[in-house]
Amino acid sequence: MSDYTQIPLINDASSRQFEMEVEGRMAKVEYELNGTKMFLTHAKVPKALEGKGVGVAIVERVFNYIEENNLKLVPMCAFVTAHLRKHPEWKRIVEKGVEV
């Protein structure tokens, strides 16, 4: 698995998405921000990057962003929810009352 931590994670607030360029292709996590709640609505990884850990890497980095900015996560995307189930330590950032 590659190390994607050196690749910039860009928060494009105007498009409401986080972006990470890998091998010339753009992986994205779309979101809606409502007060202190960040709803992660869709994760997109180009087919050429599938199976390389890019989706996991961008989701982990978005989780770190949420935690560092004292936001609460509301997962609305199957990929994000599946990642939370595999990594229950991240449930600490999930909005109270939200089932994962």
# chains A, B, ... in the order shown; residues from 1 in each chain; ligands from 1

$ select_by_dssp --residues "chain A" --states "helix (DSSP H, G or I)" --output "PyMOL selection string"
chain A and resi 47-49+54-68+78-86+88-93

$ write_last_selection --atoms "C-alpha atoms" --output "PDB file, in the first residue's frame"
ATOM      1  CA  LYS A  47     -11.477   3.347 -11.366  1.00  0.00           C
ATOM      2  CA  ALA A  48      -7.741   3.526 -12.163  1.00  0.00           C
ATOM      3  CA  LEU A  49      -7.029   4.104  -8.456  1.00  0.00           C
ATOM      4  CA  VAL A  54      -6.744   5.795  -1.983  1.00  0.00           C
ATOM      5  CA  GLY A  55     -10.333   5.733  -0.707  1.00  0.00           C
ATOM      6  CA  VAL A  56      -9.236   4.670   2.769  1.00  0.00           C
ATOM      7  CA  ALA A  57      -6.474   7.300   2.777  1.00  0.00           C
ATOM      8  CA  ILE A  58      -8.728  10.215   1.831  1.00  0.00           C
ATOM      9  CA  VAL A  59     -11.469   9.155   4.281  1.00  0.00           C
ATOM     10  CA  GLU A  60      -8.938   8.854   7.132  1.00  0.00           C
ATOM     11  CA  ARG A  61      -7.590  12.313   6.333  1.00  0.00           C
ATOM     12  CA  VAL A  62     -11.094  13.800   6.212  1.00  0.00           C
ATOM     13  CA  PHE A  63     -11.808  12.197   9.611  1.00  0.00           C
ATOM     14  CA  ASN A  64      -8.665  13.878  10.956  1.00  0.00           C
ATOM     15  CA  TYR A  65      -9.835  17.198   9.516  1.00  0.00           C
ATOM     16  CA  ILE A  66     -13.236  16.778  11.206  1.00  0.00           C
ATOM     17  CA  GLU A  67     -11.595  15.990  14.548  1.00  0.00           C
ATOM     18  CA  GLU A  68      -9.025  18.809  14.315  1.00  0.00           C
ATOM     19  CA  ALA A  78     -21.807   3.590   2.227  1.00  0.00           C
ATOM     20  CA  PHE A  79     -18.008   3.711   1.858  1.00  0.00           C
ATOM     21  CA  VAL A  80     -17.613   6.067   4.839  1.00  0.00           C
ATOM     22  CA  THR A  81     -20.003   3.976   6.953  1.00  0.00           C
ATOM     23  CA  ALA A  82     -18.132   0.774   6.060  1.00  0.00           C
ATOM     24  CA  HIS A  83     -14.836   2.423   7.035  1.00  0.00           C
ATOM     25  CA  LEU A  84     -16.299   3.473  10.398  1.00  0.00           C
ATOM     26  CA  ARG A  85     -17.420  -0.111  11.040  1.00  0.00           C
ATOM     27  CA  LYS A  86     -13.884  -1.378  10.354  1.00  0.00           C
ATOM     28  CA  PRO A  88     -14.612   1.833  15.540  1.00  0.00           C
ATOM     29  CA  GLU A  89     -12.050   4.163  17.151  1.00  0.00           C
ATOM     30  CA  TRP A  90     -13.382   6.883  14.818  1.00  0.00           C
ATOM     31  CA  LYS A  91     -16.861   6.663  16.329  1.00  0.00           C
ATOM     32  CA  ARG A  92     -15.588   9.336  18.741  1.00  0.00           C
ATOM     33  CA  ILE A  93     -16.180  11.950  16.001  1.00  0.00           C
TER      34      ILE A  93
END

$ select_by_dssp --residues "chain A" --states "strand (DSSP E)" --output "PyMOL selection string"
chain A and resi 10-12+17-22+25-34+37-44+72-75

$ write_last_selection --atoms "C-alpha atoms" --output "short mmCIF file (atom, residue, chain, number, x, y, z; two decimals), in the first residue's frame"
data_model
loop_
_atom_site.label_atom_id
_atom_site.label_comp_id
_atom_site.auth_asym_id
_atom_site.auth_seq_id
_atom_site.Cartn_x
_atom_site.Cartn_y
_atom_site.Cartn_z
CA ILE A 10 -7.56 20.15 -0.42
CA ASN A 11 -10.81 21.36 1.13
CA ASP A 12 -12.61 23.01 -1.79
CA GLN A 17 -15.58 18.53 -1.33
CA PHE A 18 -12.20 17.33 -0.20
CA GLU A 19 -9.84 16.49 -3.03
CA MET A 20 -6.64 14.51 -3.26
CA GLU A 21 -4.79 14.14 -6.55
CA VAL A 22 -3.14 10.75 -7.02
CA ARG A 25 -6.48 11.60 -11.03
CA MET A 26 -8.75 13.21 -8.44
CA ALA A 27 -10.21 11.30 -5.49
CA LYS A 28 -13.00 13.21 -3.73
CA VAL A 29 -15.19 13.17 -0.65
CA GLU A 30 -18.25 15.39 -1.01
CA TYR A 31 -19.81 16.97 2.04
CA GLU A 32 -22.44 19.31 3.41
CA LEU A 33 -21.58 21.44 6.42
CA ASN A 34 -24.42 22.39 8.76
CA LYS A 37 -21.99 18.81 11.64
CA MET A 38 -20.21 17.56 8.55
CA PHE A 39 -22.32 15.23 6.43
CA LEU A 40 -20.07 13.11 4.21
CA THR A 41 -22.38 12.45 1.27
CA HIS A 42 -20.23 10.72 -1.33
CA ALA A 43 -16.74 9.32 -1.76
CA LYS A 44 -15.41 8.99 -5.30
CA LYS A 72 -19.05 16.07 14.22
CA LEU A 73 -19.37 13.45 11.49
CA VAL A 74 -22.68 12.36 9.99
CA PRO A 75 -21.90 9.56 7.51
#

$ atom_distance --atom1 "atom CA of Val94 of chain A" --atom2 "atom CA of Met76 of chain A"
11.5 Å

$ atom_distance --atom1 "atom CA of Cys77 of chain A" --atom2 "atom CA of Pro8 of chain A"
22.6 Å

$ atom_distance --atom1 "atom CA of His87 of chain A" --atom2 "atom CA of Glu23 of chain A"
26.6 Å
